[in-house]
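Asks: Got a file for you: work.csv, CSV, C-alpha atoms.
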chain,number,residue,atom,x,y,z
A,39,MET,CA,-9.5,-5.0,-1.9
A,40,VAL,CA,-8.8,-4.1,-5.5
A,41,LEU,CA,-11.6,-4.7,-8.1
A,42,ARG,CA,-10.2,-6.4,-11.2
A,43,LEU,CA,-11.8,-5.6,-14.5
A,44,GLY,CA,-11.0,-7.9,-17.4
A,45,THR,CA,-7.3,-8.9,-17.6
A,46,ASP,CA,-4.6,-7.4,-15.5
A,47,ARG,CA,-3.4,-5.4,-18.5
A,48,ASP,CA,-6.9,-4.0,-19.0
A,49,HIS,CA,-7.1,-3.2,-15.3
A,50,GLU,CA,-3.8,-1.4,-15.3
A,51,ALA,CA,-4.6,0.6,-18.4
A,52,SER,CA,-7.9,1.8,-16.9
A,53,LEU,CA,-6.0,2.8,-13.7
A,54,VAL,CA,-3.5,4.9,-15.7
A,55,ALA,CA,-6.4,6.5,-17.6
A,56,GLY,CA,-8.1,7.2,-14.3
A,57,MET,CA,-5.0,8.8,-12.9
A,58,VAL,CA,-4.6,11.1,-15.9
A,59,ALA,CA,-8.3,12.1,-15.5
A,60,GLY,CA,-7.6,12.9,-11.8
A,61,ASP,CA,-10.1,10.2,-10.6
A,62,LYS,CA,-9.6,9.8,-6.9
A,63,ARG,CA,-10.9,6.3,-6.9
A,64,ALA,CA,-8.4,5.3,-9.6
A,65,GLN,CA,-5.7,6.9,-7.4
A,66,TYR,CA,-6.8,4.9,-4.4
A,67,GLU,CA,-7.0,1.7,-6.4
A,68,LEU,CA,-3.6,2.2,-8.0
A,69,TYR,CA,-2.1,2.9,-4.6
A,70,ASN,CA,-3.5,-0.3,-3.2
A,71,TYR,CA,-2.5,-2.2,-6.4
A,72,CYS,CA,1.1,-1.1,-6.1
A,73,SER,CA,1.2,-1.4,-2.3
A,74,GLU,CA,-0.1,-5.1,-2.3
A,75,TYR,CA,2.5,-6.1,-5.0
A,76,TYR,CA,5.4,-4.1,-3.5
A,77,TYR,CA,5.1,-5.5,0.1
A,78,ALA,CA,4.6,-9.0,-1.3
A,79,LYS,CA,7.6,-8.9,-3.5
A,80,TYR,CA,10.2,-6.3,-2.3
A,81,ARG,CA,12.1,-8.9,-0.2
A,82,GLY,CA,13.0,-10.7,-3.5
A,83,ILE,CA,14.8,-7.5,-4.6
A,84,PHE,CA,16.2,-5.8,-1.6
A,85,THR,CA,16.3,-5.7,2.2
A,86,ALA,CA,16.3,-2.6,4.3
A,87,PRO,CA,15.1,-1.4,7.6
A,88,GLU,CA,11.3,-1.2,7.8
A,89,GLU,CA,11.1,2.6,7.8
A,90,VAL,CA,13.3,2.7,4.7
A,91,VAL,CA,11.1,0.1,3.0
A,92,ASP,CA,8.1,2.4,3.6
A,93,GLU,CA,10.0,5.5,2.4
A,94,ILE,CA,11.1,3.7,-0.8
A,95,PHE,CA,7.5,2.7,-1.5
A,96,GLN,CA,6.3,6.2,-1.0
A,97,ASN,CA,8.9,7.8,-3.2
A,98,SER,CA,8.5,5.2,-5.9
A,99,PHE,CA,4.7,5.8,-5.9
A,100,ILE,CA,5.2,9.5,-6.2
A,101,LYS,CA,7.7,8.9,-9.1
A,102,LEU,CA,5.2,6.6,-10.9
A,103,TRP,CA,2.5,9.2,-10.4
A,104,GLU,CA,4.8,11.9,-11.9
A,105,HIS,CA,5.6,9.7,-14.8
A,106,ILE,CA,1.9,9.3,-15.5
A,107,GLU,CA,1.3,13.0,-15.1
A,108,SER,CA,4.1,13.9,-17.5
A,109,ARG,CA,2.9,11.2,-19.9
A,110,ARG,CA,6.2,9.3,-19.6
A,111,ILE,CA,3.7,6.4,-19.5
A,112,TYR,CA,0.1,6.7,-20.7
A,113,SER,CA,-2.9,4.6,-21.6
A,114,GLU,CA,-4.2,4.4,-25.2
A,115,ASP,CA,-6.9,2.0,-26.5
A,116,GLY,CA,-6.5,-0.1,-23.4
A,117,VAL,CA,-2.7,-0.4,-23.7
A,118,ILE,CA,-0.1,1.3,-21.5
A,119,LYS,CA,2.5,2.9,-23.7
A,120,GLY,CA,5.9,4.4,-22.8
A,121,ARG,CA,8.9,5.6,-24.7
A,122,ASP,CA,8.4,6.3,-28.4
A,123,SER,CA,4.7,5.4,-28.0
A,124,GLN,CA,5.6,1.7,-27.7
A,125,PRO,CA,3.6,-0.6,-25.4
A,126,LEU,CA,5.3,-1.3,-22.1
A,127,THR,CA,7.1,-4.7,-22.4
A,128,GLY,CA,6.2,-5.7,-18.9
A,129,SER,CA,3.2,-5.0,-16.6
A,130,LEU,CA,2.7,-1.7,-14.7
A,131,ARG,CA,3.6,-3.6,-11.5
A,132,SER,CA,6.9,-4.5,-13.0
A,133,TYR,CA,7.5,-0.9,-14.1
A,134,PHE,CA,6.7,0.2,-10.5
A,135,MET,CA,9.1,-2.4,-9.0
A,136,SER,CA,11.8,-1.1,-11.4
A,137,ILE,CA,11.4,2.4,-10.0
A,138,SER,CA,11.6,0.9,-6.4
A,139,ARG,CA,14.7,-1.0,-7.3
A,140,PHE,CA,16.4,2.2,-8.5
A,141,LYS,CA,15.2,4.1,-5.4
A,142,PHE,CA,16.8,1.4,-3.3
A,143,GLN,CA,20.0,1.7,-5.3
A,144,GLU,CA,20.0,5.5,-4.4
A,145,TRP,CA,19.6,4.7,-0.8
A,146,ASN,CA,22.1,1.8,-0.9
A,147,ARG,CA,24.8,4.1,-2.3
A,148,GLU,CA,24.3,6.5,0.5
A,149,ASN,CA,24.1,3.8,3.2
A,150,PRO,CA,26.5,1.0,2.2
A,151,LYS,CA,26.8,-0.1,5.8
A,152,HIS,CA,23.2,-1.1,6.0
A,153,SER,CA,23.1,-3.1,2.8
A,154,ASP,CA,22.4,-6.7,3.3
A,155,ALA,CA,25.4,-8.7,2.0
A,156,GLU,CA,23.2,-11.7,1.2
A,157,CYS,CA,20.5,-9.7,-0.7
A,158,GLU,CA,20.5,-10.7,-4.4
A,159,HIS,CA,20.3,-7.1,-5.5
A,160,SER,CA,23.2,-6.0,-3.3
A,161,LYS,CA,25.3,-8.9,-4.6
A,162,LYS,CA,24.5,-7.9,-8.1
A,163,ILE,CA,25.5,-4.3,-7.5
A,164,ARG,CA,28.7,-5.4,-5.9
A,165,SER,CA,29.6,-7.8,-8.7
A,166,GLU,CA,28.4,-5.8,-11.7
A,167,GLY,CA,28.7,-2.3,-10.3
A,168,PHE,CA,26.0,0.4,-10.2
A,169,ASP,CA,24.8,1.0,-13.7
A,170,GLU,CA,24.4,4.7,-13.7
A,171,ARG,CA,23.4,4.9,-17.3
A,172,GLU,CA,20.5,2.5,-16.8
A,173,TYR,CA,19.6,4.3,-13.6
A,174,LEU,CA,19.5,7.8,-15.2
A,175,GLU,CA,17.7,6.4,-18.2
A,176,MET,CA,15.0,4.8,-16.1
A,177,VAL,CA,14.5,7.7,-13.8
A,178,TYR,CA,14.8,10.6,-16.2
A,179,GLY,CA,14.7,9.0,-19.6
A,180,THR,CA,13.1,11.1,-22.3
A,181,SER,CA,11.6,13.6,-19.9
A,182,SER,CA,10.7,16.9,-21.4
A,183,ASN,CA,12.1,18.7,-18.4
A,184,VAL,CA,15.0,16.6,-17.0
A,185,GLN,CA,16.1,19.3,-14.7
A,186,LEU,CA,12.7,19.5,-13.0
A,187,GLU,CA,12.8,15.7,-12.5
A,188,ILE,CA,16.2,15.9,-11.1
A,189,VAL,CA,15.2,18.5,-8.6
A,190,ALA,CA,12.1,16.5,-7.7
A,191,ASP,CA,14.3,13.5,-6.9
A,192,ILE,CA,16.7,15.4,-4.9
A,193,ILE,CA,14.1,17.1,-2.6
A,194,ALA,CA,12.8,13.6,-1.7
A,195,THR,CA,16.1,12.9,0.0
A,196,MET,CA,17.3,16.3,1.2
A,197,PRO,CA,17.8,17.0,5.0
A,198,GLU,CA,14.5,17.3,6.8
A,199,ARG,CA,15.1,20.8,8.1
A,200,CYS,CA,15.9,22.1,4.6
A,201,TYR,CA,12.8,20.5,3.2
A,202,GLU,CA,10.7,22.0,6.0
A,203,ILE,CA,12.0,25.5,5.4
A,204,LEU,CA,11.7,25.3,1.6
A,205,THR,CA,8.2,23.8,1.9
A,206,LYS,CA,6.9,26.5,4.2
A,207,PHE,CA,8.4,29.2,1.9
A,208,TYR,CA,7.5,27.9,-1.6
A,209,TYR,CA,4.5,25.6,-1.0
A,210,GLU,CA,2.8,27.3,2.0
A,211,GLU,CA,4.0,30.7,0.8
A,212,LYS,CA,4.7,31.9,4.3
A,213,ASN,CA,7.1,34.9,4.8
A,214,LEU,CA,10.3,34.6,6.8
A,215,ASP,CA,8.7,36.2,9.9
A,216,ARG,CA,5.9,33.6,10.0
A,217,ILE,CA,8.3,30.8,9.4
A,218,LEU,CA,10.6,32.0,12.2
A,219,GLU,CA,7.6,31.8,14.6
A,220,GLU,CA,7.0,28.2,13.6
A,221,LEU,CA,10.6,27.2,13.9
A,222,PRO,CA,11.7,28.5,17.3
A,223,SER,CA,15.0,26.6,17.1
A,224,ILE,CA,16.2,29.2,14.6
A,225,GLU,CA,17.6,32.2,16.4
A,226,SER,CA,16.9,35.1,14.0
A,227,LYS,CA,15.4,36.1,10.7
A,228,ASN,CA,19.0,36.5,9.3
A,229,ALA,CA,19.9,33.0,10.5
A,230,LEU,CA,16.7,31.6,8.8
A,231,LYS,CA,17.5,33.5,5.5
A,232,THR,CA,21.0,32.1,5.6
A,233,LYS,CA,19.8,28.6,6.2
A,234,LYS,CA,17.3,28.9,3.4
A,235,HIS,CA,20.0,30.1,1.0
A,236,LYS,CA,22.4,27.4,2.0
A,237,CYS,CA,19.7,24.7,1.5
A,238,MET,CA,19.1,26.0,-2.0
A,239,GLU,CA,22.8,26.3,-2.9
A,240,ASN,CA,23.4,22.7,-1.8
A,241,LEU,CA,20.3,21.5,-3.7
A,242,ARG,CA,21.4,23.4,-6.8
A,243,ASP,CA,25.0,22.0,-6.7
A,244,VAL,CA,23.7,18.4,-6.5
A,245,ALA,CA,21.2,19.1,-9.3
A,246,LYS,CA,23.9,20.5,-11.6
A,247,GLU,CA,26.2,17.5,-10.9
A,248,THR,CA,23.4,15.0,-11.6
A,249,TYR,CA,22.3,16.8,-14.8
A,250,SER,CA,25.9,16.8,-16.1
A,251,ARG,CA,26.2,13.1,-15.4
A,252,PHE,CA,22.9,12.6,-17.3
A,253,LEU,CA,24.2,14.5,-20.3
A,254,LYS,CA,27.4,12.6,-20.2
A,255,ASN,CA,25.6,9.3,-20.3
A,256,ASN,CA,23.3,10.4,-23.0
B,285,MET,CA,24.3,31.5,-6.0
B,286,ASN,CA,23.5,35.3,-5.9
B,287,ARG,CA,21.4,35.9,-2.8
B,288,ASP,CA,20.2,39.3,-3.9
B,289,LEU,CA,19.0,37.9,-7.2
B,290,GLN,CA,17.3,35.1,-5.2
B,291,ASP,CA,15.3,37.5,-3.1
B,292,ARG,CA,14.0,39.3,-6.2
B,293,ILE,CA,13.2,35.9,-7.9
B,294,ASP,CA,11.3,34.8,-4.8
B,295,CYS,CA,9.3,38.0,-4.8
B,296,TYR,CA,8.4,37.5,-8.5
B,297,ILE,CA,7.5,33.8,-8.2
B,298,LEU,CA,5.4,34.4,-5.1
B,299,GLY,CA,3.5,37.3,-6.6
B,300,ARG,CA,4.9,39.9,-4.2
B,301,MET,CA,5.9,42.4,-6.9
B,302,SER,CA,3.8,45.3,-8.2
B,303,ALA,CA,2.8,45.3,-11.9
B,304,GLU,CA,5.6,47.7,-12.8
B,305,GLU,CA,8.2,45.7,-10.9
B,306,ARG,CA,7.1,42.6,-12.7
B,307,VAL,CA,7.5,44.2,-16.1
B,308,ALA,CA,11.0,45.4,-15.2
B,309,PHE,CA,12.0,42.0,-13.9
B,310,GLU,CA,10.8,40.2,-17.0
B,311,GLN,CA,12.7,42.6,-19.2
B,312,GLU,CA,15.8,41.9,-17.1
B,313,LEU,CA,15.3,38.1,-17.4
B,314,SER,CA,15.4,38.3,-21.2
B,315,HIS,CA,19.0,39.5,-21.2
B,316,ASN,CA,20.6,38.4,-17.9
B,317,GLU,CA,21.7,34.7,-18.2
B,318,GLU,CA,22.7,34.3,-14.6
B,319,LEU,CA,19.3,35.6,-13.5
B,320,ARG,CA,17.5,33.4,-16.0
B,321,GLU,CA,19.3,30.2,-14.8
B,322,GLN,CA,18.7,30.9,-11.2
B,323,PHE,CA,15.0,31.8,-12.0
B,324,GLU,CA,14.6,28.5,-13.9
B,325,PHE,CA,16.0,26.6,-10.9
B,326,THR,CA,13.7,28.3,-8.4
B,327,LYS,CA,10.7,27.7,-10.7
B,328,ASN,CA,11.6,24.0,-10.9
B,329,LEU,CA,12.1,23.9,-7.1
B,330,LYS,CA,8.6,25.4,-6.5
B,331,SER,CA,7.0,23.0,-9.0
B,332,ALA,CA,8.7,20.0,-7.5
B,333,ILE,CA,7.8,20.9,-3.9
B,334,THR,CA,4.2,21.7,-4.9
B,335,SER,CA,3.8,18.4,-6.8
B,336,ARG,CA,5.4,16.4,-4.0
B,337,GLU,CA,3.4,18.0,-1.2
B,338,ASP,CA,0.1,17.6,-3.1
B,339,LYS,CA,0.9,13.9,-3.7
B,340,LEU,CA,2.0,13.3,-0.1
B,341,SER,CA,-1.2,14.8,1.1
B,342,ALA,CA,-3.2,12.5,-1.2
B,343,ILE,CA,-1.1,9.5,-0.1
B,344,ARG,CA,-1.8,10.3,3.6
B,345,GLU,CA,-5.6,10.3,2.8
B,346,MET,CA,-5.4,7.1,0.9
B,347,GLN,CA,-3.4,5.4,3.7
B,348,GLN,CA,-6.0,6.5,6.2
B,349,GLN,CA,-8.7,5.1,4.0
B,350,ARG,CA,-6.8,1.8,3.8
B,351,ASP,CA,-6.3,1.7,7.6
B,352,GLU,CA,-10.0,2.3,8.2
B,353,ALA,CA,-11.0,-0.4,5.7
B,354,GLU,CA,-8.6,-2.8,7.4
B,355,ASN,CA,-10.0,-1.9,10.9
B,356,ASN,CA,-13.6,-2.4,9.6
B,357,ASN,CA,-12.6,-5.8,8.1
B,358,ARG,CA,-10.9,-6.8,11.4
B,359,THR,CA,-14.1,-5.7,13.4
B,360,LEU,CA,-16.3,-7.7,11.0
B,361,THR,CA,-14.1,-10.8,11.4
B,362,LEU,CA,-14.1,-10.4,15.2
B,363,ASN,CA,-17.9,-10.0,15.2
B,364,SER,CA,-18.3,-13.0,13.0
B,365,LYS,CA,-16.0,-15.1,15.3
B,366,ARG,CA,-18.0,-13.9,18.3
B,367,ARG,CA,-21.3,-14.9,16.6
B,368,THR,CA,-19.9,-18.3,15.7
B,369,LYS,CA,-18.8,-18.9,19.3
B,370,GLN,CA,-22.3,-17.9,20.5
B,371,ILE,CA,-23.9,-20.3,18.1
B,372,VAL,CA,-21.6,-23.1,19.2
B,373,ALA,CA,-22.3,-22.3,22.9
B,374,TRP,CA,-26.1,-22.5,22.3
B,375,ALA,CA,-25.8,-25.7,20.3
B,376,SER,CA,-23.7,-27.3,23.0
B,377,ALA,CA,-26.2,-26.2,25.7
B,378,ILE,CA,-29.1,-27.6,23.7
B,379,ALA,CA,-27.2,-30.9,23.1
B,380,ALA,CA,-26.4,-31.2,26.8
B,381,VAL,CA,-30.0,-30.6,27.8
B,382,LEU,CA,-31.1,-33.3,25.3
B,383,VAL,CA,-28.6,-35.8,26.6
B,384,VAL,CA,-29.4,-35.1,30.2
B,385,GLY,CA,-33.1,-35.2,29.4
B,386,LEU,CA,-32.7,-38.6,27.7
B,387,PHE,CA,-31.3,-40.1,31.0
B,388,ILE,CA,-34.2,-38.6,33.0
B,389,VAL,CA,-37.1,-39.0,30.7
B,390,THR,CA,-36.4,-42.5,29.4
B,391,PRO,CA,-36.9,-44.2,32.8
B,392,LEU,CA,-40.2,-42.4,33.2
B,393,LEU,CA,-41.3,-43.6,29.8
B,394,ILE,CA,-40.3,-47.2,30.7
B,395,GLU,CA,-42.6,-47.1,33.8
B,396,LYS,CA,-45.5,-45.9,31.8
B,397,THR,CA,-45.4,-48.7,29.2
B,398,GLY,CA,-45.2,-51.4,31.9
B,399,PHE,CA,-41.7,-52.6,31.5
B,400,VAL,CA,-40.7,-54.2,34.9
B,401,ASP,CA,-37.2,-54.7,35.7
B,402,ASN,CA,-37.0,-58.0,37.7
B,403,GLY,CA,-33.3,-57.8,37.5
B,404,ALA,CA,-33.6,-60.1,34.5
B,405,ASP,CA,-33.3,-59.0,31.0
B,406,VAL,CA,-36.2,-56.8,29.9
B,407,MET,CA,-37.3,-57.4,26.4
B,408,ARG,CA,-39.7,-55.6,24.2
B,409,GLY,CA,-42.9,-57.5,23.6
B,410,GLU,CA,-42.2,-59.8,26.6
B,411,ASP,CA,-45.8,-60.0,27.6
B,412,GLU,CA,-46.8,-61.3,24.2
B,413,MET,CA,-44.0,-63.8,24.4
B,414,PHE,CA,-45.2,-65.1,27.7
B,415,GLU,CA,-48.7,-65.5,26.2
B,416,ILE,CA,-47.4,-67.5,23.3
B,417,GLU,CA,-45.3,-69.6,25.7
B,418,ASP,CA,-48.4,-70.3,27.9
B,419,THR,CA,-50.4,-71.4,24.8
B,420,VAL,CA,-47.6,-73.6,23.6
B,421,CYS,CA,-47.2,-75.2,27.0
B,422,ASP,CA,-51.0,-75.8,27.3
B,423,THR,CA,-50.9,-77.4,23.9
B,424,ILE,CA,-48.0,-79.6,24.8
B,425,ASN,CA,-49.7,-80.6,28.0
B,426,GLU,CA,-52.9,-81.5,26.1
B,427,VAL,CA,-50.9,-83.7,23.7
B,428,ASP,CA,-49.1,-85.4,26.6
B,429,SER,CA,-52.4,-86.2,28.2
B,430,LEU,CA,-53.7,-87.9,25.1
B,431,ASP,CA,-53.9,-91.8,25.4
B,432,VAL,CA,-52.0,-92.6,22.3
B,433,GLU,CA,-51.9,-96.3,22.7
B,434,ASN,CA,-55.7,-96.5,23.0
B,435,PHE,CA,-56.3,-93.9,20.4
B,436,GLU,CA,-58.6,-95.2,17.8
B,437,VAL,CA,-59.2,-93.7,14.5
B,438,GLN,CA,-62.9,-93.4,14.0
B,439,GLU,CA,-64.0,-93.9,10.6
Just give me the structure of the file as structure tokens.
Replies:
Amino acid sequence: MVLRLGTDRDHEASLVAGMVAGDKRAQYELYNYCSEYYYAKYRGIFTAPEEVVDEIFQNSFIKLWEHIESRRIYSEDGVIKGRDSQPLTGSLRSYFMSISRFKFQEWNRENPKHSDAECEHSKKIRSEGFDEREYLEMVYGTSSNVQLEIVADIIATMPERCYEILTKFYYEEKNLDRILEELPSIESKNALKTKKHKCMENLRDVAKETYSRFLKNN
Amino acid sequence: MNRDLQDRIDCYILGRMSAEERVAFEQELSHNEELREQFEFTKNLKSAITSREDKLSAIREMQQQRDEAENNNRTLTLNSKRRTKQIVAWASAIAAVLVVGLFIVTPLLIEKTGFVDNGADVMRGEDEMFEIEDTVCDTINEVDSLDVENFEVQE
């Protein structure tokens, strides 16, 4: 259950302020707040298999969290502000659902067979086309480090094996010998090293391409 | 992507270089554009993975908290329903005892107060009515027995 203080806008501003302060209670409340709204409303925006719906929510929440951390949106005097220090035109929930919509668009582009022909959003994409400029603007906008944001987006959808290897290497800081023990399906240290490099090369190529599209649209 | 460069970048980023090696690497960074670009990319990758993993870990905890809260609510609801059922069962049992008791006790009460069932209608206050009836009949009989024709008014 989410405790509401004052108006919804006041509540949202206090949640954002709490997130910035690293308040775990605010994190939990914001998670619940977004989750309740998302699962109640997503069917009006898109349809997708259940596991994809959950994945989109998770990635959208991480993206919202990153936007708060990087001060893409922030709370000041009880008001949530965004670009150019202007107050958000809509609510935080609407902002969150916008992120979800774009995350669905990413998934939809890669999985056109699964898109629901009758879904309003899919119809809109088919009739008006995928608005890349709007997408890039929303997701990367006026970020101070667009390349970092692009990499953050790409790793969320990279192949599981690549993500596993890179996480063990760069997050858990394990050496190749230790990683080899934990991934017995990889035959040798050389094979592991090659696999790691291949993952990074693919990731870098996609990141470069996305960044050049962003620069072209801006 | 230069794999040799990548190995050196990884050593630097993961703090596996000696102090002298670090100094040499930083100097090289300042004038080697390819190294600098690959280094920036690797730095962004490490930051992105760290940020994502930290958040995923927090999300897993939060989801666990949510699931526990939902389970507790479900248990409370079940307990509350069980209690309501128990109360209803007890109330029904008491009501049944009262209804059965009424049919057993009432006849006993009737016997004690002198109500006699002659097969005729039994009325409350029947004894008093019979008394009144007797008095009225006696009075009527007295009146009937009066010699009205020879009744003289005595002055």
Asks: What residues in chain A lie within 7 Å of chain B, counting only C-alpha atoms, written as a list in words?
Replies: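 The answer, sorted by residue number, is Tyr66, Ile100, Leu186, Val189, Ala190, Thr205, Tyr208, Tyr209 and Glu239 of chain A.
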Asks: Please compute the CA of Lys101 (chain A)-CA of Glu114 (chain A) distance, one decimal, in Å.
Replies: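 It comes out at 20.5 Å.
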Asks: Between B:Lys365, B:Arg358, B:Arg344, B:Arg320, single out the one closest to Leu289 (chain B), counting all atoms listed in the file.
Replies: B:Arg320
Asks: Write out as a short mmCIF file (atom, residue, chain, number, x, y, z; two decimals) with C-alpha atoms, keeping the file's coordinate frame each polymer residue whose atoms come within 8 Å of Leu241 (chain A), counting all atoms listed in the file; drop sequence neighbours fewer than 6 positions from it.
Replies:
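Listing of part06.cif after writing:
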data_model
loop_
_atom_site.label_atom_id
_atom_site.label_comp_id
_atom_site.auth_asym_id
_atom_site.auth_seq_id
_atom_site.Cartn_x
_atom_site.Cartn_y
_atom_site.Cartn_z
CA VAL A 189 15.20 18.50 -8.60
CA ILE A 192 16.70 15.40 -4.90
CA ILE A 193 14.10 17.10 -2.60
CA MET A 196 17.30 16.30 1.20
#
Asks: Using all atoms listed in the file, determine which residues lie at most 10 Å from Lys233 (chain A), disregarding the query and same-chain residues fewer than 6 positions distant; provide the list as a list in words.
Replies: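 Counting only the stated atoms, we get Arg199, Cys200, Ile203, Leu204, Ile224, Lys227 and Glu239 of chain A.
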Asks: Counting all atoms listed in the file, figure out which residue out of A:Gln65, A:Asn149, A:Ser226, A:Ser250 gets nearest to Ile106 (chain A).
Replies: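 Among the listed residues, A:Gln65 lies closest to Ile106 (chain A).
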Asks: What residues have an atom no more than 10 Å from (-6.9, 2.9, -7.1) in the file's own frame, counting all atoms listed in the file, and can you write them as a PyMOL selection string?
Replies: (chain A and resi 39-41+50+52-54+56-57+61-72) or (chain B and resi 346)
Asks: The selected residues should be written to file as a compact mmCIF listing (two decimals), in the coordinates of the input (atoms: C-alpha atoms).
Replies:
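Dumped everything to again11.txt:
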# COMPACT_ATOMS: atom_id res chain seq x y z
CA MET A 39 -9.50 -5.00 -1.90
CA VAL A 40 -8.80 -4.10 -5.50
CA LEU A 41 -11.60 -4.70 -8.10
CA GLU A 50 -3.80 -1.40 -15.30
CA SER A 52 -7.90 1.80 -16.90
CA LEU A 53 -6.00 2.80 -13.70
CA VAL A 54 -3.50 4.90 -15.70
CA GLY A 56 -8.10 7.20 -14.30
CA MET A 57 -5.00 8.80 -12.90
CA ASP A 61 -10.10 10.20 -10.60
CA LYS A 62 -9.60 9.80 -6.90
CA ARG A 63 -10.90 6.30 -6.90
CA ALA A 64 -8.40 5.30 -9.60
CA GLN A 65 -5.70 6.90 -7.40
CA TYR A 66 -6.80 4.90 -4.40
CA GLU A 67 -7.00 1.70 -6.40
CA LEU A 68 -3.60 2.20 -8.00
CA TYR A 69 -2.10 2.90 -4.60
CA ASN A 70 -3.50 -0.30 -3.20
CA TYR A 71 -2.50 -2.20 -6.40
CA CYS A 72 1.10 -1.10 -6.10
CA MET B 346 -5.40 7.10 0.90
Asks: By how many Å are CA of Met135 (chain A) and CA of Asp351 (chain B) apart?
Replies: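 The value is 23.0 Å.
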Asks: In Å, with one decimal, what is the gap from CA of Phe140 (chain A) to CA of Arg110 (chain A)?
Replies: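 Atom-to-atom, CA of Phe140 (chain A) to CA of Arg110 (chain A), that is 16.7 Å.
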Asks: Using all atoms listed in the file, which of the listed residues (A:Ala59, A:Ala86, A:Ile94, A:Ile188) sits closest to Tyr112 (chain A)?
Replies: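 Of all the options, A:Ala59 lies closest to Tyr112 (chain A).
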